[in-house]
$ cat structure_20.cif   # mmCIF, C-alpha atoms
data_target
#
loop_
_atom_site.group_PDB
_atom_site.id
_atom_site.type_symbol
_atom_site.label_atom_id
_atom_site.label_comp_id
_atom_site.auth_asym_id
_atom_site.auth_seq_id
_atom_site.Cartn_x
_atom_site.Cartn_y
_atom_site.Cartn_z
ATOM 1 C CA MET A 1 111.739 110.128 121.893
ATOM 2 C CA THR A 2 111.960 112.326 118.799
ATOM 3 C CA GLU A 3 109.136 111.829 116.285
ATOM 4 C CA ARG A 4 110.452 111.450 112.779
ATOM 5 C CA PRO A 5 108.490 112.970 109.883
ATOM 6 C CA PRO A 6 106.424 110.371 107.992
ATOM 7 C CA LEU A 7 107.898 108.965 104.774
ATOM 8 C CA ASP A 8 106.325 109.958 101.442
ATOM 9 C CA ALA A 9 105.403 107.330 98.833
ATOM 10 C CA GLU A 10 108.787 107.419 97.110
ATOM 11 C CA ALA A 11 110.700 107.186 100.400
ATOM 12 C CA LEU A 12 108.414 104.370 101.549
ATOM 13 C CA ALA A 13 109.249 102.376 98.411
ATOM 14 C CA LEU A 14 112.964 102.901 98.994
ATOM 15 C CA PHE A 15 112.567 101.939 102.659
ATOM 16 C CA TYR A 16 110.681 98.774 101.696
ATOM 17 C CA ARG A 17 113.291 97.739 99.131
ATOM 18 C CA GLY A 18 115.887 98.155 101.883
ATOM 19 C CA TYR A 19 113.836 95.904 104.165
ATOM 20 C CA ILE A 20 113.600 93.162 101.513
ATOM 21 C CA ASP A 21 117.338 93.441 100.847
ATOM 22 C CA CYS A 22 117.941 93.054 104.599
ATOM 23 C CA LEU A 23 115.873 89.839 104.618
ATOM 24 C CA ASN A 24 117.640 88.441 101.554
ATOM 25 C CA ARG A 25 121.033 89.096 103.174
ATOM 26 C CA GLN A 26 119.730 87.606 106.452
ATOM 27 C CA ALA A 27 121.246 90.720 108.022
ATOM 28 C CA TRP A 28 119.419 90.255 111.313
ATOM 29 C CA GLY A 29 121.559 92.889 113.030
ATOM 30 C CA GLU A 30 119.956 95.505 110.733
ATOM 31 C CA LEU A 31 116.371 94.269 111.139
ATOM 32 C CA GLY A 32 115.664 96.894 113.828
ATOM 33 C CA ASP A 33 116.274 99.624 111.214
ATOM 34 C CA PHE A 34 113.168 98.393 109.413
ATOM 35 C CA VAL A 35 110.935 96.656 111.972
ATOM 36 C CA HIS A 36 109.324 98.327 114.986
ATOM 37 C CA GLU A 37 110.101 97.061 118.518
ATOM 38 C CA GLU A 38 106.342 96.553 119.000
ATOM 39 C CA VAL A 39 105.623 94.919 115.627
ATOM 40 C CA GLU A 40 102.504 92.785 115.253
ATOM 41 C CA ARG A 41 101.718 90.323 112.478
ATOM 42 C CA ASN A 42 98.287 89.006 111.539
ATOM 43 C CA GLY A 43 96.902 90.393 114.792
ATOM 44 C CA ARG A 44 99.563 88.821 117.020
ATOM 45 C CA ARG A 45 102.122 90.935 118.857
ATOM 46 C CA LEU A 46 105.532 89.454 118.047
ATOM 47 C CA GLY A 47 107.877 92.326 118.881
ATOM 48 C CA LEU A 48 111.156 92.703 117.041
ATOM 49 C CA SER A 49 112.764 89.633 118.639
ATOM 50 C CA GLY A 50 109.744 87.438 117.888
ATOM 51 C CA TYR A 51 109.687 88.718 114.305
ATOM 52 C CA ARG A 52 113.372 87.954 113.909
ATOM 53 C CA GLY A 53 112.791 84.473 115.343
ATOM 54 C CA MET A 54 110.038 83.878 112.776
ATOM 55 C CA LEU A 55 112.378 84.855 109.919
ATOM 56 C CA VAL A 56 115.219 82.685 111.241
ATOM 57 C CA ARG A 57 112.797 79.732 111.385
ATOM 58 C CA ASP A 58 111.598 80.517 107.835
ATOM 59 C CA TYR A 59 115.182 80.222 106.575
ATOM 60 C CA ALA A 60 115.664 76.976 108.546
ATOM 61 C CA THR A 61 112.575 75.515 106.817
ATOM 62 C CA ILE A 62 113.469 77.003 103.406
ATOM 63 C CA PRO A 63 117.260 77.286 103.121
ATOM 64 C CA ASP A 64 117.057 78.813 99.602
ATOM 65 C CA LEU A 65 114.366 81.336 100.556
ATOM 66 C CA ARG A 66 114.564 84.530 98.505
ATOM 67 C CA PHE A 67 112.147 87.473 98.543
ATOM 68 C CA GLU A 68 111.332 88.997 95.129
ATOM 69 C CA ILE A 69 109.080 92.043 94.864
ATOM 70 C CA ALA A 70 106.528 91.461 92.083
ATOM 71 C CA LEU A 71 104.203 94.388 92.897
ATOM 72 C CA LEU A 72 104.708 97.346 95.213
ATOM 73 C CA VAL A 73 101.996 99.879 96.110
ATOM 74 C CA CYS A 74 102.815 102.706 98.526
ATOM 75 C CA GLU A 75 100.408 105.190 100.061
ATOM 76 C CA PRO A 76 101.735 106.617 103.331
ATOM 77 C CA PRO A 77 101.658 105.223 105.930
ATOM 78 C CA MET A 78 100.833 101.926 104.142
ATOM 79 C CA VAL A 79 102.843 99.619 101.900
ATOM 80 C CA ALA A 80 101.333 96.703 99.981
ATOM 81 C CA ALA A 81 103.526 94.171 98.220
ATOM 82 C CA ARG A 82 103.138 91.003 96.221
ATOM 83 C CA LEU A 83 106.193 88.845 96.826
ATOM 84 C CA ASP A 84 107.160 85.939 94.593
ATOM 85 C CA PHE A 85 109.002 82.868 95.836
ATOM 86 C CA SER A 86 110.561 79.942 94.022
ATOM 87 C CA CYS A 87 112.274 77.645 96.503
ATOM 88 C CA HIS A 88 112.644 74.166 98.018
ATOM 89 C CA PRO A 89 110.848 74.044 101.408
ATOM 90 C CA ARG A 90 111.527 71.170 103.772
ATOM 91 C CA ALA A 91 108.635 68.964 104.893
ATOM 92 C CA GLY A 92 106.423 70.726 107.412
ATOM 93 C CA PHE A 93 106.256 74.094 105.654
ATOM 94 C CA LEU A 94 102.633 75.292 106.091
ATOM 95 C CA GLY A 95 101.808 71.795 107.303
ATOM 96 C CA LEU A 96 102.521 70.416 103.821
ATOM 97 C CA ASP A 97 104.986 67.804 102.650
ATOM 98 C CA ALA A 98 106.978 69.755 100.086
ATOM 99 C CA GLY A 99 109.918 67.506 101.049
ATOM 100 C CA GLY A 100 112.572 69.416 99.106
ATOM 101 C CA ARG A 101 110.594 69.827 95.874
ATOM 102 C CA ARG A 102 110.663 73.191 94.098
ATOM 103 C CA VAL A 103 107.500 75.225 94.575
ATOM 104 C CA SER A 104 106.589 78.664 93.269
ATOM 105 C CA PHE A 105 104.075 80.786 95.112
ATOM 106 C CA SER A 106 103.223 84.339 96.096
ATOM 107 C CA GLU A 107 102.501 86.287 99.257
ATOM 108 C CA ASN A 108 100.209 89.337 99.250
ATOM 109 C CA VAL A 109 101.120 91.449 102.261
ATOM 110 C CA PHE A 110 100.258 94.831 103.779
ATOM 111 C CA TYR A 111 102.399 96.857 106.180
ATOM 112 C CA ALA A 112 101.602 99.880 108.346
ATOM 113 C CA VAL A 113 104.733 102.002 108.852
ATOM 114 C CA ARG A 114 105.009 104.020 112.082
ATOM 115 C CA ASP A 115 108.056 106.000 113.258
ATOM 116 C CA CYS A 116 109.779 104.904 109.999
ATOM 117 C CA ARG A 117 109.446 101.234 111.023
ATOM 118 C CA ILE A 118 107.124 98.378 110.024
ATOM 119 C CA ALA A 119 104.636 98.274 112.909
ATOM 120 C CA SER A 120 101.836 96.002 111.613
ATOM 121 C CA VAL A 121 101.822 93.249 109.002
ATOM 122 C CA TRP A 122 98.842 91.521 107.376
ATOM 123 C CA SER A 123 100.134 88.622 105.275
ATOM 124 C CA ILE A 124 98.509 85.886 103.226
ATOM 125 C CA LEU A 125 100.535 83.133 101.539
ATOM 126 C CA ASP A 126 99.074 81.334 98.537
ATOM 127 C CA LYS A 127 98.863 77.925 100.192
ATOM 128 C CA ALA A 128 96.370 76.667 97.572
ATOM 129 C CA ALA A 129 98.954 77.269 94.821
ATOM 130 C CA ILE A 130 101.529 75.165 96.685
ATOM 131 C CA GLU A 131 98.992 72.375 97.295
ATOM 132 C CA ALA A 132 98.131 72.336 93.591
ATOM 133 C CA GLN A 133 101.827 71.974 92.679
ATOM 134 C CA LEU A 134 102.404 69.189 95.200
ATOM 135 C CA SER A 135 99.271 67.259 94.208
ATOM 136 C CA ALA A 136 100.334 67.529 90.545
ATOM 137 C CA GLY A 137 103.385 65.580 91.674
ATOM 138 C CA GLY A 138 105.633 68.467 90.478
ATOM 139 C CA MET B 1 88.743 105.150 71.276
ATOM 140 C CA THR B 2 89.297 108.144 73.513
ATOM 141 C CA GLU B 3 91.938 107.662 76.213
ATOM 142 C CA ARG B 4 90.715 108.837 79.593
ATOM 143 C CA PRO B 5 93.171 110.557 81.935
ATOM 144 C CA PRO B 6 94.481 108.224 84.674
ATOM 145 C CA LEU B 7 92.820 108.455 88.103
ATOM 146 C CA ASP B 8 94.783 109.963 90.985
ATOM 147 C CA ALA B 9 95.015 108.179 94.362
ATOM 148 C CA GLU B 10 91.894 109.794 95.778
ATOM 149 C CA ALA B 11 89.834 109.102 92.650
ATOM 150 C CA LEU B 12 91.146 105.511 92.591
ATOM 151 C CA ALA B 13 89.913 104.976 96.176
ATOM 152 C CA LEU B 14 86.478 106.356 95.246
ATOM 153 C CA PHE B 15 86.406 104.185 92.123
ATOM 154 C CA TYR B 16 87.320 101.102 94.154
ATOM 155 C CA ARG B 17 84.635 101.758 96.782
ATOM 156 C CA GLY B 18 82.156 102.009 93.910
ATOM 157 C CA TYR B 19 83.347 98.637 92.587
ATOM 158 C CA ILE B 20 82.888 96.967 95.989
ATOM 159 C CA ASP B 21 79.438 98.525 96.341
ATOM 160 C CA CYS B 22 78.565 97.144 92.885
ATOM 161 C CA LEU B 23 79.597 93.636 94.019
ATOM 162 C CA ASN B 24 77.654 93.884 97.282
ATOM 163 C CA ARG B 25 74.526 94.941 95.367
ATOM 164 C CA GLN B 26 75.157 92.157 92.824
ATOM 165 C CA ALA B 27 74.551 94.902 90.259
ATOM 166 C CA TRP B 28 75.989 92.883 87.392
ATOM 167 C CA GLY B 29 74.618 95.325 84.801
ATOM 168 C CA GLU B 30 77.040 97.954 86.194
ATOM 169 C CA LEU B 31 80.080 95.665 86.394
ATOM 170 C CA GLY B 32 81.393 96.939 83.058
ATOM 171 C CA ASP B 33 81.748 100.413 84.606
ATOM 172 C CA PHE B 34 84.454 98.972 86.855
ATOM 173 C CA VAL B 35 85.936 95.936 85.115
ATOM 174 C CA HIS B 36 87.825 95.990 81.809
ATOM 175 C CA GLU B 37 86.539 93.934 78.848
ATOM 176 C CA GLU B 38 89.943 92.223 78.739
ATOM 177 C CA VAL B 39 90.337 91.637 82.490
ATOM 178 C CA GLU B 40 92.693 88.917 83.697
ATOM 179 C CA ARG B 41 92.834 87.376 87.154
ATOM 180 C CA ASN B 42 95.777 85.485 88.637
ATOM 181 C CA GLY B 43 97.355 85.264 85.201
ATOM 182 C CA ARG B 44 94.235 83.916 83.467
ATOM 183 C CA ARG B 45 92.341 85.977 80.906
ATOM 184 C CA LEU B 46 88.687 85.920 81.971
ATOM 185 C CA GLY B 47 87.247 88.910 80.137
ATOM 186 C CA LEU B 48 84.304 90.825 81.587
ATOM 187 C CA SER B 49 81.813 88.004 81.006
ATOM 188 C CA GLY B 50 84.082 85.382 82.575
ATOM 189 C CA TYR B 51 84.694 87.680 85.542
ATOM 190 C CA ARG B 52 80.962 88.215 85.979
ATOM 191 C CA GLY B 53 80.421 84.448 85.791
ATOM 192 C CA MET B 54 83.001 83.924 88.538
ATOM 193 C CA LEU B 55 81.200 86.418 90.807
ATOM 194 C CA VAL B 56 77.780 84.873 90.121
ATOM 195 C CA ARG B 57 79.219 81.459 91.044
ATOM 196 C CA ASP B 58 80.764 82.963 94.215
ATOM 197 C CA TYR B 59 77.320 84.159 95.314
ATOM 198 C CA ALA B 60 75.799 80.742 94.495
ATOM 199 C CA THR B 61 78.413 79.078 96.751
ATOM 200 C CA ILE B 62 78.166 81.776 99.455
ATOM 201 C CA PRO B 63 74.639 83.241 99.437
ATOM 202 C CA ASP B 64 75.461 85.702 102.282
ATOM 203 C CA LEU B 65 78.741 86.855 100.690
ATOM 204 C CA ARG B 66 79.556 90.468 101.575
ATOM 205 C CA PHE B 67 82.753 92.382 100.716
ATOM 206 C CA GLU B 68 84.150 94.628 103.489
ATOM 207 C CA ILE B 69 87.206 96.787 102.871
ATOM 208 C CA ALA B 70 89.614 96.424 105.821
ATOM 209 C CA LEU B 71 92.646 98.110 104.211
ATOM 210 C CA LEU B 72 92.926 100.168 101.046
ATOM 211 C CA VAL B 73 96.208 101.363 99.518
ATOM 212 C CA CYS B 74 96.133 103.358 96.283
ATOM 213 C CA GLU B 75 99.083 104.396 94.143
ATOM 214 C CA PRO B 76 98.075 104.999 90.524
ATOM 215 C CA PRO B 77 97.601 102.877 88.513
ATOM 216 C CA MET B 78 97.514 100.259 91.311
ATOM 217 C CA VAL B 79 95.035 99.494 94.077
ATOM 218 C CA ALA B 80 95.710 97.044 96.917
ATOM 219 C CA ALA B 81 92.954 95.986 99.300
ATOM 220 C CA ARG B 82 92.510 93.661 102.222
ATOM 221 C CA LEU B 83 88.919 92.427 102.187
ATOM 222 C CA ASP B 84 87.247 90.818 105.197
ATOM 223 C CA PHE B 85 84.529 88.199 104.930
ATOM 224 C CA SER B 86 82.265 86.612 107.505
ATOM 225 C CA CYS B 87 79.834 84.246 105.835
ATOM 226 C CA HIS B 88 78.390 80.725 105.502
ATOM 227 C CA PRO B 89 79.897 79.008 102.438
ATOM 228 C CA ARG B 90 78.283 75.843 101.084
ATOM 229 C CA ALA B 91 80.322 72.649 100.872
ATOM 230 C CA GLY B 92 82.824 72.773 98.034
ATOM 231 C CA PHE B 93 84.075 76.330 98.611
ATOM 232 C CA LEU B 94 87.868 76.192 97.998
ATOM 233 C CA GLY B 95 87.555 72.411 98.021
ATOM 234 C CA LEU B 96 86.647 72.511 101.724
ATOM 235 C CA ASP B 97 83.580 71.270 103.535
ATOM 236 C CA ALA B 98 82.378 74.428 105.250
ATOM 237 C CA GLY B 99 78.866 72.960 104.914
ATOM 238 C CA GLY B 100 76.983 76.087 106.001
ATOM 239 C CA ARG B 101 79.157 76.919 109.025
ATOM 240 C CA ARG B 102 80.175 80.539 109.606
ATOM 241 C CA VAL B 103 83.775 81.296 108.669
ATOM 242 C CA SER B 104 85.727 84.542 108.843
ATOM 243 C CA PHE B 105 88.661 85.123 106.532
ATOM 244 C CA SER B 106 90.461 87.743 104.500
ATOM 245 C CA GLU B 107 91.569 88.264 100.915
ATOM 246 C CA ASN B 108 94.644 90.330 100.042
ATOM 247 C CA VAL B 109 94.264 91.529 96.475
ATOM 248 C CA PHE B 110 96.007 93.821 93.986
ATOM 249 C CA TYR B 111 94.443 95.492 90.952
ATOM 250 C CA ALA B 112 95.977 97.275 87.984
ATOM 251 C CA VAL B 113 93.591 99.930 86.653
ATOM 252 C CA ARG B 114 93.756 100.785 82.920
ATOM 253 C CA ASP B 115 91.376 103.082 81.016
ATOM 254 C CA CYS B 116 89.577 103.649 84.367
ATOM 255 C CA ARG B 117 88.742 99.935 84.602
ATOM 256 C CA ILE B 118 90.186 96.998 86.592
ATOM 257 C CA ALA B 119 92.377 95.244 84.028
ATOM 258 C CA SER B 120 94.458 92.800 86.123
ATOM 259 C CA VAL B 121 93.787 91.168 89.489
ATOM 260 C CA TRP B 122 96.205 89.261 91.735
ATOM 261 C CA SER B 123 94.227 87.720 94.586
ATOM 262 C CA ILE B 124 95.079 85.438 97.502
ATOM 263 C CA LEU B 125 92.398 84.112 99.880
ATOM 264 C CA ASP B 126 93.422 83.039 103.371
ATOM 265 C CA LYS B 127 92.535 79.374 102.920
ATOM 266 C CA ALA B 128 94.663 78.357 105.928
ATOM 267 C CA ALA B 129 92.506 80.539 108.220
ATOM 268 C CA ILE B 130 89.348 78.805 106.986
ATOM 269 C CA GLU B 131 90.911 75.351 107.427
ATOM 270 C CA ALA B 132 91.902 76.258 111.000
ATOM 271 C CA GLN B 133 88.328 77.314 111.797
ATOM 272 C CA LEU B 134 86.824 74.174 110.262
ATOM 273 C CA SER B 135 89.290 71.823 111.979
ATOM 274 C CA ALA B 136 88.530 73.551 115.301
ATOM 275 C CA GLY B 137 85.003 72.302 114.697
ATOM 276 C CA GLY B 138 83.689 75.924 114.781
#

$ encode --input "structure_20.cif" --output "C-alpha cells"
Amino acid sequence: MTERPPLDAEALALFYRGYIDCLNRQAWGELGDFVHEEVERNGRRLGLSGYRGMLVRDYATIPDLRFEIALLVCEPPMVAARLDFSCHPRAGFLGLDAGGRRVSFSENVFYAVRDCRIASVWSILDKAAIEAQLSAGG
Amino acid sequence: MTERPPLDAEALALFYRGYIDCLNRQAWGELGDFVHEEVERNGRRLGLSGYRGMLVRDYATIPDLRFEIALLVCEPPMVAARLDFSCHPRAGFLGLDAGGRRVSFSENVFYAVRDCRIASVWSILDKAAIEAQLSAGG
C-alpha cells in the first residue's frame, strides 16, 4: 500500500469540511474517503462499517440531524472541532425523553488522521445541556 | 496598553502546559498570567475572579482533582485539549451522587487565546461516562 504524505493544517481543515459535508448529505458511499477502515471511537474499534452503522442510527433517531462546525482547530495529524446541533431527537436519544422537542447542544470532538483518513475519534456530547433544556420543559 | 505578538503553535502548547501546571499547584496568585481579566466560559462572562472562584469550588468538591493532558491541539489563536481525570468527587458534583467513589472521565475543551491569555473557554465534561460508572455501582 502506498503511503500518502500527511496533510498540512490547511489541507486538514479542507478534508474535515468535506467529511462534515459528507455526513450532512448522508452520502454513505463516500464515507470511506474520509474514515479509515480500522476507525475507533472513544476507545472502541468500530471499523468503517460499524461507524457507518452508528451514523445511520443517529439519523434514524434524529431525522433532522445537521452538523454545523462552530470551532475548528487543526494541528497535523490532529483535528479538534466543536459541532453545534439544533434538532428534534426522538425519545431514547442518550437515554433521554426528548420526544420530538427541539434541543440545541454541542459536541467537542478530537480526531487523529492517519493515511488521510479519520482513524481515531474522541467525542463528548453535552448531555447536561440537553437535560437542562428538557427539565425546563422547553 | 501594549499589544503582545500572538503566540505560535509551539509557544501556545508551552503556555497551555504552564496553565495546567498552575491549576494542579492551585497557584491562584499566578492564574492571571494565564487567564484574561474578561474571560468567558460556555458563553458566560466570569472574569478572572469568577473563573478563580469556579476553580476553588472545583477543588472543594473534588479534593484530589488533578488535570492530565491526554490530547493537545494548537492552532493560533486556538487551543483544544482533552483532559483526563481520575478522582473522588463529593456528592453534588454535576448533580450526581459520586459520594467519594473513584470516577474516571474526560473533558474536551477549547480555548481562544487573546493578548497571551485564555479569553474564551468552551468545555464539555463527559457526564454520561460518570453516570455509567456510578450506575455500575463502581

$ residues_around --input "structure_20.cif" --residues "segment 27-32 of chain A" --least-positions-apart "4" --cutoff "7 Å" --atoms "only C-alpha atoms" --output "list in words"
Cys22, Leu23, His36, Leu48 and Arg52 of chain A

$ resolve_selection --input "structure_20.cif" --expression "the PyMOL selection byres ((chain A) within 10 of (chain B))" --output "list in words"
Ala9, Leu71, Leu72, Val73, Cys74, Glu75, Pro76, Pro77, Met78, Val79, Ala80, Ala81, Arg82, Leu94, Gly95, Ser106, Glu107, Asn108, Val109, Phe110, Trp122, Ser123, Ile124, Leu125, Asp126, Lys127, Ala128 and Ala129 of chain A

$ atom_distance --input "structure_20.cif" --atom1 "atom CA of Leu55 of chain A" --atom2 "atom CA of Arg25 of chain A"
11.8 Å

$ closest_residue --input "structure_20.cif" --among "A:Gly18, A:Ser49, A:Glu131, A:Pro6" --to "Asp33 of chain A" --atoms "only C-alpha atoms"
A:Gly18

$ residues_near_point --input "structure_20.cif" --point "(117.6, 86.8, 96.2)" --cutoff "12 Å" --atoms "only C-alpha atoms" --output "PyMOL selection string"
chain A and resi 20-26+63-69+83-87

$ resolve_selection --input "structure_20.cif" --expression "the PyMOL selection byres ((chain B and resi 116) around 8)" --output "list in words"
Arg4, Pro6, Leu7, Phe34, Val113, Arg114, Asp115, Arg117 and Ile118 of chain B

$ residues_around --input "structure_20.cif" --residues "Ile62 of chain A" --least-positions-apart "6" --cutoff "10 Å" --atoms "only C-alpha atoms" --output "PyMOL selection string"
chain A and resi 56+87-91+93+100

$ atom_distance --input "structure_20.cif" --atom1 "atom CA of Leu134 of chain A" --atom2 "atom CA of Val103 of chain A"
7.9 Å

$ closest_residue --input "structure_20.cif" --among "B:Val35, B:Ile130, B:Leu12, B:Ala70" --to "Arg102 of chain B" --atoms "all atoms listed in the file"
B:Ile130

$ atom_distance --input "structure_20.cif" --atom1 "atom CA of Ala13 of chain B" --atom2 "atom CA of Tyr111 of chain B"
11.7 Å
